[in-house]
Structure formats: C-alpha cells, structure tokens
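Shown next: data34.csv, containing CSV, C-alpha atoms and all ligand atoms.
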chain,number,residue,atom,x,y,z
A,454,MET,CA,-19.1,47.3,-119.7
A,455,ASN,CA,-18.1,45.6,-116.5
A,456,GLU,CA,-20.1,47.5,-113.9
A,457,HIS,CA,-22.1,44.5,-112.9
A,458,VAL,CA,-19.3,42.1,-112.2
A,459,LEU,CA,-17.4,44.8,-110.3
A,460,LYS,CA,-20.4,45.1,-108.0
A,461,ALA,CA,-18.9,42.1,-106.2
A,462,PHE,CA,-16.1,44.4,-105.3
A,463,GLY,CA,-18.4,47.2,-104.0
A,464,PHE,CA,-18.8,49.2,-107.2
A,465,ASP,CA,-22.0,51.1,-107.3
A,466,PRO,CA,-22.9,51.9,-111.0
A,467,ASN,CA,-25.4,54.6,-110.0
A,468,ALA,CA,-22.7,56.5,-108.1
A,469,HIS,CA,-20.6,56.7,-111.2
A,470,GLU,CA,-23.2,56.8,-114.0
A,471,SER,CA,-21.9,60.0,-115.5
A,472,THR,CA,-18.6,58.4,-116.3
A,473,CYS,CA,-18.7,57.4,-120.0
A,474,LEU,CA,-16.2,54.8,-121.1
A,475,THR,CA,-14.8,54.1,-124.5
A,476,PRO,CA,-14.8,50.4,-125.7
A,477,GLU,CA,-11.2,50.0,-124.7
A,478,GLN,CA,-11.9,51.2,-121.2
A,479,SER,CA,-13.3,49.4,-118.1
A,480,PHE,CA,-13.8,50.1,-114.4
A,481,ALA,CA,-11.6,48.5,-111.9
A,482,ARG,CA,-10.8,48.5,-108.1
A,483,ILE,CA,-7.4,48.8,-106.6
A,484,ILE,CA,-6.5,45.7,-104.7
A,485,SER,CA,-2.9,46.7,-103.6
A,486,VAL,CA,-0.2,49.2,-104.4
A,487,HIS,CA,3.5,48.4,-104.5
A,488,LYS,CA,5.3,51.6,-105.5
A,489,THR,CA,4.6,52.0,-109.2
A,490,VAL,CA,3.0,48.6,-109.7
A,491,ILE,CA,-0.7,48.6,-108.9
A,492,ILE,CA,-2.8,45.5,-108.7
A,493,VAL,CA,-6.4,46.0,-109.9
A,494,THR,CA,-9.4,43.9,-110.5
A,495,ASN,CA,-12.0,44.4,-113.1
A,496,GLY,CA,-14.3,42.0,-111.3
A,497,ILE,CA,-13.2,39.0,-113.2
A,498,GLU,CA,-9.5,38.9,-113.0
A,499,THR,CA,-6.7,40.8,-111.3
A,500,GLN,CA,-4.0,42.5,-113.3
A,501,LYS,CA,-0.8,44.6,-112.9
A,502,ALA,CA,-1.4,48.1,-113.9
A,503,THR,CA,0.5,51.4,-114.0
A,504,LEU,CA,-0.6,55.0,-113.7
A,505,SER,CA,-0.9,56.8,-117.0
A,506,GLY,CA,1.8,59.4,-117.8
A,507,ARG,CA,-0.7,62.2,-117.6
A,508,LEU,CA,-1.9,61.2,-114.0
A,509,THR,CA,1.7,60.7,-112.9
A,510,HIS,CA,2.6,64.2,-114.2
A,511,LEU,CA,-0.4,65.8,-112.5
A,512,ALA,CA,0.3,64.1,-109.1
A,513,THR,CA,1.5,66.7,-106.6
A,514,SER,CA,0.8,64.7,-103.5
A,515,PRO,CA,0.7,61.0,-102.5
A,516,LEU,CA,-3.1,61.3,-102.4
A,517,ASP,CA,-3.1,61.9,-106.1
A,518,TRP,CA,-1.7,58.4,-106.4
A,519,PRO,CA,-4.0,55.3,-106.3
A,520,VAL,CA,-4.9,54.1,-102.8
A,521,VAL,CA,-6.2,50.6,-102.0
A,522,GLY,CA,-10.0,50.7,-102.4
A,523,ASP,CA,-10.0,53.3,-105.2
A,524,PHE,CA,-12.3,52.8,-108.2
A,525,VAL,CA,-10.5,53.6,-111.4
A,526,VAL,CA,-10.8,53.5,-115.2
A,527,ILE,CA,-8.3,51.2,-116.9
A,528,GLU,CA,-7.3,50.9,-120.5
A,529,ARG,CA,-5.3,48.3,-122.4
A,530,LYS,CA,-2.5,49.8,-124.4
A,531,ASP,CA,0.3,47.9,-126.1
A,532,GLY,CA,-0.3,44.9,-123.9
A,533,LEU,CA,-0.2,47.0,-120.7
A,534,THR,CA,-3.0,47.9,-118.3
A,535,ILE,CA,-3.0,51.7,-117.7
A,536,ILE,CA,-5.0,53.6,-115.1
A,537,THR,CA,-6.3,56.6,-116.8
A,538,ARG,CA,-8.7,58.0,-114.1
A,539,ILE,CA,-9.2,57.7,-110.4
A,540,LEU,CA,-13.0,58.1,-109.7
A,541,LYS,CA,-14.0,60.5,-106.9
A,542,ARG,CA,-13.5,58.8,-103.5
A,543,LYS,CA,-16.6,58.4,-101.4
A,544,THR,CA,-14.4,58.2,-98.3
A,545,LEU,CA,-10.7,58.4,-97.7
A,546,LEU,CA,-8.7,57.3,-94.6
A,547,SER,CA,-5.3,59.0,-94.4
A,548,ARG,CA,-2.6,59.9,-92.0
A,549,LYS,CA,0.5,62.1,-92.2
A,550,THR,CA,3.7,60.4,-93.2
A,551,ALA,CA,6.5,60.1,-90.8
A,552,GLY,CA,9.1,62.9,-90.9
A,553,GLU,CA,8.8,66.7,-91.1
A,554,GLU,CA,7.2,66.9,-94.5
A,555,SER,CA,3.5,67.6,-94.7
A,556,ASP,CA,2.7,64.7,-97.0
A,557,SER,CA,-0.5,62.8,-96.4
A,558,GLN,CA,-0.6,59.0,-96.9
A,559,GLY,CA,-3.7,57.3,-98.1
A,560,ILE,CA,-4.5,54.2,-96.1
A,561,ALA,CA,-7.8,53.1,-97.8
A,562,SER,CA,-10.6,54.6,-99.8
A,563,ASN,CA,-14.3,54.0,-100.5
A,564,ILE,CA,-14.7,52.4,-97.1
A,565,ASP,CA,-17.9,52.1,-95.2
A,566,VAL,CA,-16.6,50.9,-91.8
A,567,ILE,CA,-13.2,51.4,-90.1
A,568,PHE,CA,-12.4,48.6,-87.6
A,569,ILE,CA,-9.9,50.0,-85.1
A,570,VAL,CA,-8.3,46.8,-83.8
A,571,ILE,CA,-6.5,47.2,-80.5
A,572,ASP,CA,-5.7,44.2,-78.2
A,573,VAL,CA,-6.6,44.0,-74.5
A,574,THR,CA,-3.0,44.6,-73.5
A,575,ARG,CA,-2.9,48.0,-75.2
A,576,VAL,CA,-6.5,49.2,-75.3
A,577,LYS,CA,-6.2,51.1,-72.0
A,578,ASN,CA,-3.8,53.5,-73.6
A,579,PRO,CA,-6.1,56.4,-74.3
A,580,TYR,CA,-3.5,58.1,-76.5
A,581,LEU,CA,-3.8,55.2,-79.0
A,582,ILE,CA,-7.6,55.2,-79.2
A,583,GLU,CA,-7.9,59.0,-79.4
A,584,ARG,CA,-5.5,59.1,-82.3
A,585,TYR,CA,-7.2,56.3,-84.3
A,586,LEU,CA,-10.6,57.8,-83.7
A,587,SER,CA,-9.5,61.3,-84.8
A,588,ILE,CA,-8.3,60.1,-88.2
A,589,ALA,CA,-11.4,57.8,-88.5
A,590,PHE,CA,-14.1,60.3,-87.6
A,591,ILE,CA,-13.1,62.8,-90.3
A,592,THR,CA,-13.8,60.2,-93.1
A,593,ASN,CA,-17.5,59.8,-92.7
A,594,ALA,CA,-17.0,56.1,-92.6
A,595,LEU,CA,-18.2,54.5,-89.4
A,596,PRO,CA,-15.5,53.7,-86.8
A,597,VAL,CA,-15.9,50.7,-84.6
A,598,ILE,CA,-13.4,49.6,-82.0
A,599,ILE,CA,-12.5,45.9,-81.9
A,600,VAL,CA,-10.9,44.9,-78.6
A,601,SER,CA,-8.9,41.8,-79.8
A,602,LYS,CA,-7.3,39.0,-77.8
A,603,SER,CA,-10.1,39.1,-75.2
A,604,ASP,CA,-8.8,35.7,-74.0
A,605,LEU,CA,-5.9,37.6,-72.3
A,606,THR,CA,-8.1,39.6,-69.9
A,607,GLY,CA,-10.4,38.8,-67.0
A,608,ASP,CA,-11.7,42.3,-66.7
A,609,LYS,CA,-13.8,43.3,-69.7
A,610,ASP,CA,-15.9,45.7,-67.6
A,611,ALA,CA,-12.8,47.9,-66.9
A,612,ILE,CA,-12.1,48.0,-70.6
A,613,ILE,CA,-15.7,48.9,-71.4
A,614,SER,CA,-15.7,51.8,-68.9
A,615,HIS,CA,-12.4,53.0,-70.3
A,616,ILE,CA,-13.7,53.1,-73.9
A,617,GLN,CA,-16.9,54.8,-72.9
A,618,MET,CA,-14.9,57.4,-71.0
A,619,ILE,CA,-13.1,58.3,-74.2
A,620,ASN,CA,-16.2,58.3,-76.3
A,621,LYS,CA,-19.7,57.5,-75.1
A,622,GLU,CA,-21.2,56.8,-78.6
A,623,ILE,CA,-18.5,54.7,-80.2
A,624,GLY,CA,-19.5,51.1,-81.1
A,625,PHE,CA,-17.1,48.4,-79.9
A,626,CYS,CA,-16.9,44.6,-79.5
A,627,PHE,CA,-14.5,42.0,-78.2
A,628,THR,CA,-12.9,39.2,-80.3
A,629,SER,CA,-10.7,36.3,-79.7
A,630,GLU,CA,-9.0,33.7,-81.8
A,631,LEU,CA,-9.0,31.3,-78.9
A,632,ALA,CA,-12.1,31.7,-76.8
A,633,PRO,CA,-15.7,32.9,-77.1
A,634,PRO,CA,-17.0,35.2,-78.5
A,635,TYR,CA,-14.4,34.4,-81.2
A,636,TYR,CA,-15.3,36.6,-84.2
A,637,GLU,CA,-19.1,36.3,-83.8
A,638,ASP,CA,-19.8,40.0,-83.6
A,639,ILE,CA,-17.7,40.9,-86.6
A,640,HIS,CA,-19.4,38.2,-88.7
A,641,GLN,CA,-22.7,39.8,-87.7
A,642,LEU,CA,-21.5,43.3,-88.7
A,643,LEU,CA,-20.3,42.4,-92.2
A,644,THR,CA,-22.8,43.2,-95.0
A,645,PRO,CA,-22.3,42.1,-98.6
A,646,GLY,CA,-21.0,44.8,-100.9
A,647,LYS,CA,-19.7,47.0,-98.1
A,648,THR,CA,-16.1,47.7,-97.6
A,649,TYR,CA,-14.4,47.3,-94.2
A,650,VAL,CA,-10.8,48.4,-93.4
A,651,PHE,CA,-8.9,46.9,-90.4
A,652,ILE,CA,-6.4,49.3,-88.8
A,653,GLY,CA,-4.5,49.3,-85.6
A,654,PRO,CA,-1.1,48.7,-84.0
A,655,SER,CA,1.2,45.9,-85.2
A,656,GLY,CA,0.5,42.6,-83.6
A,657,SER,CA,-3.0,43.4,-82.5
A,658,GLY,CA,-4.4,40.5,-84.6
A,659,LYS,CA,-5.7,42.2,-87.7
A,660,SER,CA,-4.4,39.6,-90.2
A,661,THR,CA,-5.5,36.7,-87.9
A,662,MET,CA,-9.0,38.1,-87.9
A,663,VAL,CA,-9.0,38.7,-91.7
A,664,ASN,CA,-7.9,35.1,-92.3
A,665,HIS,CA,-10.7,33.9,-90.1
A,666,LEU,CA,-13.2,36.0,-92.0
A,667,LEU,CA,-11.9,34.7,-95.3
A,668,GLY,CA,-11.9,31.1,-94.0
A,669,LYS,CA,-8.3,30.6,-95.2
A,670,ALA,CA,-4.8,31.7,-94.2
A,671,ILE,CA,-4.2,34.2,-96.9
A,672,GLN,CA,-2.4,36.9,-94.9
A,673,SER,CA,0.8,36.1,-93.0
A,674,THR,CA,0.7,36.4,-89.2
A,675,ALA,CA,3.6,36.4,-86.6
A,676,ALA,CA,3.9,36.2,-82.9
A,677,VAL,CA,4.5,39.5,-81.1
A,678,SER,CA,7.9,40.2,-79.4
A,679,LYS,CA,8.4,39.6,-75.7
A,680,GLY,CA,7.7,43.3,-75.0
A,681,GLY,CA,4.2,42.8,-76.6
A,682,GLU,CA,5.2,44.8,-79.8
A,683,GLY,CA,4.1,43.5,-83.2
A,684,ARG,CA,6.7,42.6,-85.8
A,685,HIS,CA,5.1,44.5,-88.7
A,686,THR,CA,4.3,41.3,-90.5
A,687,THR,CA,1.8,42.8,-93.0
A,688,THR,CA,3.8,45.2,-95.1
A,689,SER,CA,1.2,46.6,-97.5
A,690,SER,CA,-2.6,46.9,-97.6
A,691,LYS,CA,-4.6,44.4,-99.5
A,692,LEU,CA,-8.3,44.3,-100.5
A,693,MET,CA,-10.1,40.9,-100.4
A,694,VAL,CA,-13.7,39.5,-100.6
A,695,THR,CA,-15.2,37.1,-98.1
A,696,ASP,CA,-17.5,34.2,-99.0
A,697,ASN,CA,-20.5,36.3,-98.1
A,698,LYS,CA,-19.3,39.1,-100.3
A,699,ALA,CA,-18.1,41.6,-97.8
A,700,ILE,CA,-15.0,43.5,-98.9
A,701,ILE,CA,-12.2,43.7,-96.4
A,702,ILE,CA,-8.9,45.5,-96.4
A,703,ASP,CA,-6.0,44.4,-94.2
A,704,THR,CA,-3.4,47.0,-93.5
A,705,PRO,CA,0.1,47.1,-92.0
A,706,GLY,CA,0.3,47.9,-88.3
A,707,MET,CA,1.1,51.6,-87.8
A,708,ARG,CA,4.2,52.6,-85.9
A,709,GLU,CA,2.7,56.0,-85.3
A,710,VAL,CA,-0.6,57.6,-86.1
A,711,ARG,CA,0.3,61.1,-87.1
A,712,LEU,CA,-2.7,63.3,-87.8
A,713,ASP,CA,-3.3,64.6,-91.3
A,714,HIS,CA,-6.9,65.6,-91.4
A,715,ALA,CA,-8.7,64.7,-88.1
A,716,ASP,CA,-11.9,65.3,-86.3
A,717,LEU,CA,-11.1,66.2,-82.7
A,718,ASP,CA,-14.6,67.4,-81.8
A,719,GLU,CA,-16.1,64.0,-82.4
A,720,THR,CA,-13.3,62.2,-80.6
A,721,PHE,CA,-13.3,64.6,-77.6
A,722,GLN,CA,-17.1,65.0,-77.4
A,723,ASP,CA,-16.9,65.7,-73.6
A,724,ILE,CA,-14.6,68.7,-74.2
A,725,GLN,CA,-16.7,69.9,-77.1
A,726,GLU,CA,-19.8,69.7,-75.0
A,727,LEU,CA,-18.3,71.5,-72.0
A,728,SER,CA,-16.8,74.3,-74.2
A,729,LYS,CA,-20.3,75.5,-75.1
A,730,ALA,CA,-20.5,77.0,-71.7
A,731,CYS,CA,-17.1,78.9,-72.0
A,732,ARG,CA,-17.4,82.6,-71.7
A,733,PHE,CA,-15.6,83.1,-75.0
A,734,ARG,CA,-16.7,81.3,-78.1
A,735,ASP,CA,-13.1,80.9,-79.3
A,736,CYS,CA,-11.9,79.8,-75.9
A,737,THR,CA,-8.7,77.7,-76.2
A,738,HIS,CA,-9.1,76.2,-72.7
A,739,HIS,CA,-5.6,77.4,-71.8
A,740,HIS,CA,-5.8,80.6,-69.7
A,741,GLU,CA,-9.1,82.3,-70.6
A,742,PRO,CA,-11.4,83.5,-67.7
A,743,GLY,CA,-14.8,81.8,-67.6
A,744,CYS,CA,-13.4,78.6,-69.2
A,745,ALA,CA,-15.9,75.8,-68.5
A,746,VAL,CA,-13.4,73.1,-69.5
A,747,LYS,CA,-10.9,74.2,-66.9
A,748,LYS,CA,-13.7,74.5,-64.3
A,749,ALA,CA,-14.7,70.9,-65.1
A,750,ILE,CA,-11.1,69.9,-64.3
A,751,ASP,CA,-11.3,71.8,-61.0
A,752,ASP,CA,-14.6,70.0,-60.2
A,753,GLN,CA,-13.0,66.7,-61.1
A,754,LEU,CA,-15.5,66.1,-63.9
A,755,LEU,CA,-12.7,65.9,-66.5
A,756,SER,CA,-9.1,64.7,-66.2
A,757,SER,CA,-6.4,67.2,-66.8
A,758,GLU,CA,-4.6,64.5,-68.7
A,759,ARG,CA,-7.4,64.2,-71.2
A,760,LEU,CA,-7.3,68.0,-71.8
A,761,ARG,CA,-3.5,67.8,-72.2
A,762,ARG,CA,-3.8,65.1,-74.8
A,763,TYR,CA,-6.5,67.1,-76.6
A,764,HIS,CA,-4.2,70.2,-76.7
A,765,LYS,CA,-1.3,68.0,-78.0
A,766,LEU,CA,-3.4,66.6,-80.9
A,767,GLU,CA,-4.7,70.1,-81.6
A,768,ARG,CA,-1.2,71.5,-81.9
A,769,GLU,CA,-0.1,68.7,-84.1
A,770,LEU,CA,-3.1,69.3,-86.4
A,771,ILE,CA,-2.5,73.1,-86.6
A,772,ASN,CA,1.2,72.5,-87.4
A,773,GLN,CA,0.3,69.9,-90.1
A,774,MET,CA,-2.2,72.4,-91.7
A,775,LYS,CA,0.5,75.1,-91.7
A,776,ARG,CA,3.0,72.8,-93.4
A,777,ALA,CA,0.4,71.7,-96.0
A,778,LYS,CA,-0.5,75.3,-96.8
A,779,GLN,CA,3.2,76.2,-97.1
A,780,LYS,CA,3.7,73.3,-99.5
A,781,GLU,CA,0.7,74.3,-101.5
A,782,ARG,CA,2.1,77.9,-101.8
A,783,ILE,CA,5.5,76.6,-103.0
A,784,LEU,CA,3.8,74.3,-105.6
A,785,ASN,CA,1.6,77.2,-106.9
A,786,ARG,CA,4.7,79.4,-107.2
A,787,LYS,CA,6.5,76.6,-109.1
A,788,LYS,CA,3.5,76.2,-111.4
A,789,LYS,CA,3.5,79.9,-112.2
A,801,LIG,N1,-4.0,35.3,-77.4
A,801,LIG,C1,-4.4,35.7,-78.6
A,801,LIG,N2,-3.4,35.9,-79.6
A,801,LIG,C2,-3.9,36.3,-80.8
A,801,LIG,C3,-5.2,36.5,-81.1
A,801,LIG,N3,-5.3,37.0,-82.4
A,801,LIG,C4,-4.1,37.0,-82.9
A,801,LIG,N4,-3.2,36.6,-81.9
A,801,LIG,C5,-1.8,36.4,-82.1
A,801,LIG,O1,-1.2,37.7,-82.2
A,801,LIG,C6,0.0,37.7,-83.1
A,801,LIG,C7,-0.1,38.8,-84.1
A,801,LIG,O2,-1.2,38.6,-84.9
A,801,LIG,P1,-1.3,39.2,-86.4
A,801,LIG,O3,-2.6,38.8,-86.9
A,801,LIG,O4,-0.1,38.9,-87.2
A,801,LIG,O5,-1.3,40.8,-86.1
A,801,LIG,P2,-1.4,42.0,-87.1
A,801,LIG,O6,-2.3,43.0,-86.4
A,801,LIG,O7,-1.8,41.6,-88.4
A,801,LIG,O8,0.1,42.5,-87.1
A,801,LIG,P3,0.8,43.4,-88.3
A,801,LIG,O9,0.6,42.7,-89.6
A,801,LIG,O10,2.3,43.4,-87.8
A,801,LIG,O11,0.2,44.8,-88.2
A,801,LIG,C8,0.0,36.3,-83.7
A,801,LIG,O12,0.9,35.4,-83.0
A,801,LIG,C9,-1.4,35.8,-83.4
A,801,LIG,O13,-1.5,34.4,-83.3
A,801,LIG,C10,-6.2,36.3,-80.1
A,801,LIG,O14,-7.4,36.5,-80.2
A,801,LIG,N5,-5.7,35.9,-78.8
A,802,MG,MG,-1.0,41.8,-90.3
I'd like the structure from this file rewritten - as structure tokens, please.
Amino acid sequence: MNEHVLKAFGFDPNAHESTCLTPEQSFARIISVHKTVIIVTNGIETQKATLSGRLTHLATSPLDWPVVGDFVVIERKDGLTIITRILKRKTLLSRKTAGEESDSQGIASNIDVIFIVIDVTRVKNPYLIERYLSIAFITNALPVIIVSKSDLTGDKDAIISHIQMINKEIGFCFTSELAPPYYEDIHQLLTPGKTYVFIGPSGSGKSTMVNHLLGKAIQSTAAVSKGGEGRHTTTSSKLMVTDNKAIIIDTPGMREVRLDHADLDETFQDIQELSKACRFRDCTHHHEPGCAVKKAIDDQLLSSERLRRYHKLERELINQMKRAKQKERILNRKKK
C-alpha cells in the first residue's frame, strides 16, 4: 500500500480507510488533465493514466471526469495505468463552462485554501471579486484574496477599504515580485500537507508566484498586453509540491467566471444581513413594500450598484440551475 508516500501529496489515509485495495491497485493523486490523458502520482513517480471504460461510460457530466487534485485508485493492466475509482472529493471548485449548455467545469478538488489572485490594476473592479468569491465560498475551502503587483500602486489603503466594503471578513494580503512585502505573507500561510489553488484573471501573476514558492521557474510566464490583459500563458492546471511540503495548484487565467454553484449570501453579507429586516421573508429586494435593502439604498447605506450586481448574479445562478435540471431530466429520460 502506498498511503504513506502519498501523504506528501496531501493524502489522508484516515479519510479513506474504508477503501480496500487489491494487490494490483494503489492510490494516486491527479497532477494534470489533458483531455483523455491524465497525469497521476502514486507518491513516488508520475505516470500517464486513462479513465477505465466503466467510469467513462458512467460519466454524464464533466464533473464525473477526473479533476486536478482528485485522489483516485489506479490499477496496472496490460502495461497501462487505469483509473478505476475517483475517491469522494472533500472540496470541489467549479464554474460553468462558456456557452449556453449547463455543464460544470471542475477547476480543482480536495483543496484547503483558494487564493484569488487579482493585481492592483484590476482589484477595484467589484464585479471580479464578487464572482470569484461566489464560486469559492460554496466549496468550504477558505478563500483568501491576494492583491498582486503591489509595486504598481501607491494607495494600498484605498484597496483595503474597497475589499472590506465587498466583504468585511475576507482575508487578504499584498504581494509583489519586485518590492517588499514580496511573497512573505504567502510563505507564512502555507502549511505542509495542505492544498492551495491559485485562481484569478490571466496576467495577474499566478505562475510568477507559484514559481517563487517552488524556488524554480517551472511554470511559463508572459508579459501582459498593452491593455493590461493577460495572454493566457498557463493553459492547464497543474499540481506541484513546494520544498516545505505544501501542495499548490496553478490554474489558467479565466476569461470569464460563470457561476455554477455559488454562495451569494457569504459574498453579499451586507445584503444578507439587511434582508433580515425585510417585511417579507422571501423578499427579492425588487418591488416589495417594507424592503430593508431598498431602504438602505435610500439611506445611502448600500450602493444601488451593489444590489444590481447581486441581482445579476442571482439571475445567472437561477438560470444555470434551471438548465442543469433540464439536462438531468433529459438524461433520466434517455436512461429509461
Ligand atoms: N510589476 C509586477 N509585475 C509582475 C508581478 N508578478 C508578475 N508580474 C508580471 O506579470 C506578467 C504575468 O505574470 P504571469 O505569472 O504569467 O501571470 P498568470 O496569472 O500566471 O497569467 P496566466 O497564466 O495567463 O493566467 C509577467 O510579465 C510577470 O513578470 C509583480 O509582482 N509586479
Ligand atoms: Mg500562469
């Protein structure tokens, strides 16, 4: 059994003790996924693997497919490494794929902390932070905002108030490749055996940070365009281990964060708090009388823009849920 060597990749034998393996089987963790080729580690070596025919047949959604960070059972068969089981995910970060379909796309699984990396030039866009927080809060992993490229701003205080206006309780820190505090706070946050995923817009400096934490330039990086947009340099997620045994996952910059499952109540705590005083418990904060949220806007305690963004995300989430239900119905009908 290889449970103990896989501990270096975050495997907790106690969490999976009920899983009995045959002598041909071992545990592994998914390092990266390239369509049907999946790279796994058994704690000693990395190998190319494929999903077993049974699991491929049973997969009805992209989330049934391995996601970087998954713990799996692998088996050697005719010289090939086959994934025969995906162990229950402790946490899963996902978003909706682009387009009209309802498909969810797994970003990373079995993560403890989600680092949302947004550079100082974009962090004042509330739309970005609110979307990232919404997909992060639903996972039960701890979201932390990393404001990167702090060398490019002289006004950290304005950024701090901006973040606190969005969410009073969210943890955040500044980083810079070029000036203090460098990556000091991130180093302090990393704990051996825990898994950290870095997400955020393209060009925000995720791979630069990951290379720094690894102490070597493993991930490619590239300068942003003149307009400040990233060039989508990282094209697939990858799991790696730092010298002090923290497990980190670098991900490609997202063009768009579409909500799949999301927690709006945690993200919009102010609206959630105010709504307790609404006359109707199911108040939508649109036209109902006695709406405490609308009153807060009149009293200038809440911005109408913030409520507008909340309603937009709420609509998106409801539509996504409807599409997912419809897809499930179609699948069930086909099965029958
Ligand atoms: N000024 C400044 N530039 C930085 C800093 N960190 C990264 N950069 C630059 O930002 C550019 C983009 O960095 P990457 O690390 O490739 O960004 P990324 O988030 O991985 O981008 P994608 O892989 O496209 O998602 C590179 O030219 C980096 O040198 C920083 O702290 N300060
Ligand atoms: Mg990158």
Checklist entry - Which of these residues is nearest to ligand MG 802 (chain A), using only C-alpha atoms and all ligand atoms: A:His469, A:His685, A:Lys501, A:Lys747? => result A:His685
Checklist entry - Neighbours of region 698-701 of chain A within 9 Å (only C-alpha atoms; same-chain residues fewer than 6 positions away dropped), as a list in words? => result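 Residues near the query, excluding close chain neighbours: Ala461, Phe462, Gly463, Leu643, Thr644, Pro645, Gly646, Lys647, Thr648, Tyr649, Val650, Phe651, Val663, Leu666, Lys691 and Leu692 of chain A.
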Checklist entry - Which is closer to Asp718 (chain A) than all the others in A:Met774, A:Leu667, A:Leu586, A:Val597, using all atoms listed in the file? => result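 Ranked by minimum distance to Asp718 (chain A), first place goes to A:Leu586.
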Checklist entry - Which residues sit within 9 Å of ligand MG 802 (chain A), counting all atoms listed in the file, listed as number ranges by chain? => result A: 655-661, 663, 672-675, 683-689, 703-706
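Here CA of Ile536 (chain A) is placed at a distance of 4.8 Å from CA of Leu504 (chain A).
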Checklist outcome for this item: Correct to one decimal, the distance CA of Asn664 (chain A)-CA of Val600 (chain A) is 17.1 Å
Checklist entry - Using only C-alpha atoms and all ligand atoms, which of the listed residues (A:Phe524, A:Tyr636, A:Phe464, A:Trp518) sits closest to ligand LIG 801 (chain A)? => result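 Result for the nearest residue to ligand LIG 801 (chain A): A:Tyr636.
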Checklist entry - By how many Å are CA of Ala512 (chain A) and CA of Ile484 (chain A) apart? => result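 One can read the CA of Ala512 (chain A) to CA of Ile484 (chain A) distance as 20.1 Å.
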Item to check | Residue among A:Asn772, A:Ser728, A:Ser557, A:Thr494 lying closest to Pro515 (chain A), counting only C-alpha atoms | outcome: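 The shortest atom-to-atom distance to Pro515 (chain A) comes from A:Ser557.
Among the candidates A:Leu508, A:Val570, A:Ile771, A:Leu545, the one nearest to ligand LIG 801 (chain A) when counting all atoms listed in the file is A:Val570.
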So which residues touch Glu456 (chain A) within 10 Å, counting only C-alpha atoms, skipping near sequence neighbours fewer than 6 positions away, as a PDB file with C-alpha atoms, in the frame of the given file?
ATOM      1  CA  PHE A 462     -16.100  44.400-105.300  1.00  0.00           C
ATOM      2  CA  PHE A 464     -18.800  49.200-107.200  1.00  0.00           C
ATOM      3  CA  ASP A 465     -22.000  51.100-107.300  1.00  0.00           C
ATOM      4  CA  PRO A 466     -22.900  51.900-111.000  1.00  0.00           C
ATOM      5  CA  ASN A 467     -25.400  54.600-110.000  1.00  0.00           C
ATOM      6  CA  HIS A 469     -20.600  56.700-111.200  1.00  0.00           C
ATOM      7  CA  GLU A 470     -23.200  56.800-114.000  1.00  0.00           C
ATOM      8  CA  SER A 479     -13.300  49.400-118.100  1.00  0.00           C
ATOM      9  CA  PHE A 480     -13.800  50.100-114.400  1.00  0.00           C
ATOM     10  CA  ALA A 481     -11.600  48.500-111.900  1.00  0.00           C
ATOM     11  CA  ASN A 495     -12.000  44.400-113.100  1.00  0.00           C
ATOM     12  CA  GLY A 496     -14.300  42.000-111.300  1.00  0.00           C
TER      13      GLY A 496
END
Next on the checklist: Just want the 12 Å neighbourhood of region 729-736 of chain A, counted on all atoms listed in the file, with same-chain residues fewer than 5 positions away dropped. Output as a ChimeraX atom specification.
Outcome noted: /A:718,722-724,741-749
Would you mind completing region 629-642 of chain A to N, CA, C and O atoms and writing the output as a compact mmCIF listing (two decimals), keeping the file's coordinate frame?
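Output (part14.txt):
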# COMPACT_ATOMS: atom_id res chain seq x y z
N SER A 629 -11.79 37.16 -80.03
CA SER A 629 -10.70 36.30 -79.70
C SER A 629 -10.55 35.16 -80.64
O SER A 629 -11.56 34.60 -81.07
N GLU A 630 -9.31 34.85 -80.95
CA GLU A 630 -9.00 33.70 -81.80
C GLU A 630 -9.24 32.41 -81.06
O GLU A 630 -9.55 31.38 -81.63
N LEU A 631 -9.09 32.51 -79.73
CA LEU A 631 -9.00 31.30 -78.90
C LEU A 631 -10.17 30.96 -78.05
O LEU A 631 -10.28 29.84 -77.55
N ALA A 632 -11.03 31.92 -77.79
CA ALA A 632 -12.10 31.70 -76.80
C ALA A 632 -13.37 32.45 -77.28
O ALA A 632 -13.26 33.41 -78.05
N PRO A 633 -14.56 32.05 -76.76
CA PRO A 633 -15.70 32.90 -77.10
C PRO A 633 -15.50 34.30 -76.68
O PRO A 633 -14.79 34.51 -75.70
N PRO A 634 -16.03 35.27 -77.36
CA PRO A 634 -17.00 35.20 -78.50
C PRO A 634 -16.37 34.96 -79.84
O PRO A 634 -17.06 35.12 -80.83
N TYR A 635 -15.10 34.56 -79.90
CA TYR A 635 -14.40 34.40 -81.20
C TYR A 635 -14.64 35.64 -82.06
O TYR A 635 -14.46 36.76 -81.59
N TYR A 636 -15.09 35.42 -83.31
CA TYR A 636 -15.30 36.60 -84.20
C TYR A 636 -16.78 36.79 -84.51
O TYR A 636 -17.12 37.40 -85.52
N GLU A 637 -17.60 36.26 -83.62
CA GLU A 637 -19.10 36.30 -83.80
C GLU A 637 -19.60 37.66 -84.19
O GLU A 637 -20.34 37.82 -85.16
N ASP A 638 -19.23 38.66 -83.38
CA ASP A 638 -19.80 40.00 -83.60
C ASP A 638 -19.36 40.61 -84.91
O ASP A 638 -20.12 41.33 -85.56
N ILE A 639 -18.14 40.30 -85.32
CA ILE A 639 -17.70 40.90 -86.60
C ILE A 639 -18.45 40.23 -87.75
O ILE A 639 -18.89 40.92 -88.67
N HIS A 640 -18.64 38.90 -87.66
CA HIS A 640 -19.40 38.20 -88.70
C HIS A 640 -20.78 38.90 -88.85
O HIS A 640 -21.27 39.12 -89.94
N GLN A 641 -21.38 39.22 -87.72
CA GLN A 641 -22.70 39.80 -87.70
C GLN A 641 -22.70 41.23 -88.35
O GLN A 641 -23.69 41.66 -88.91
N LEU A 642 -21.58 41.91 -88.19
CA LEU A 642 -21.50 43.30 -88.70
C LEU A 642 -21.28 43.36 -90.20
O LEU A 642 -21.65 44.34 -90.85
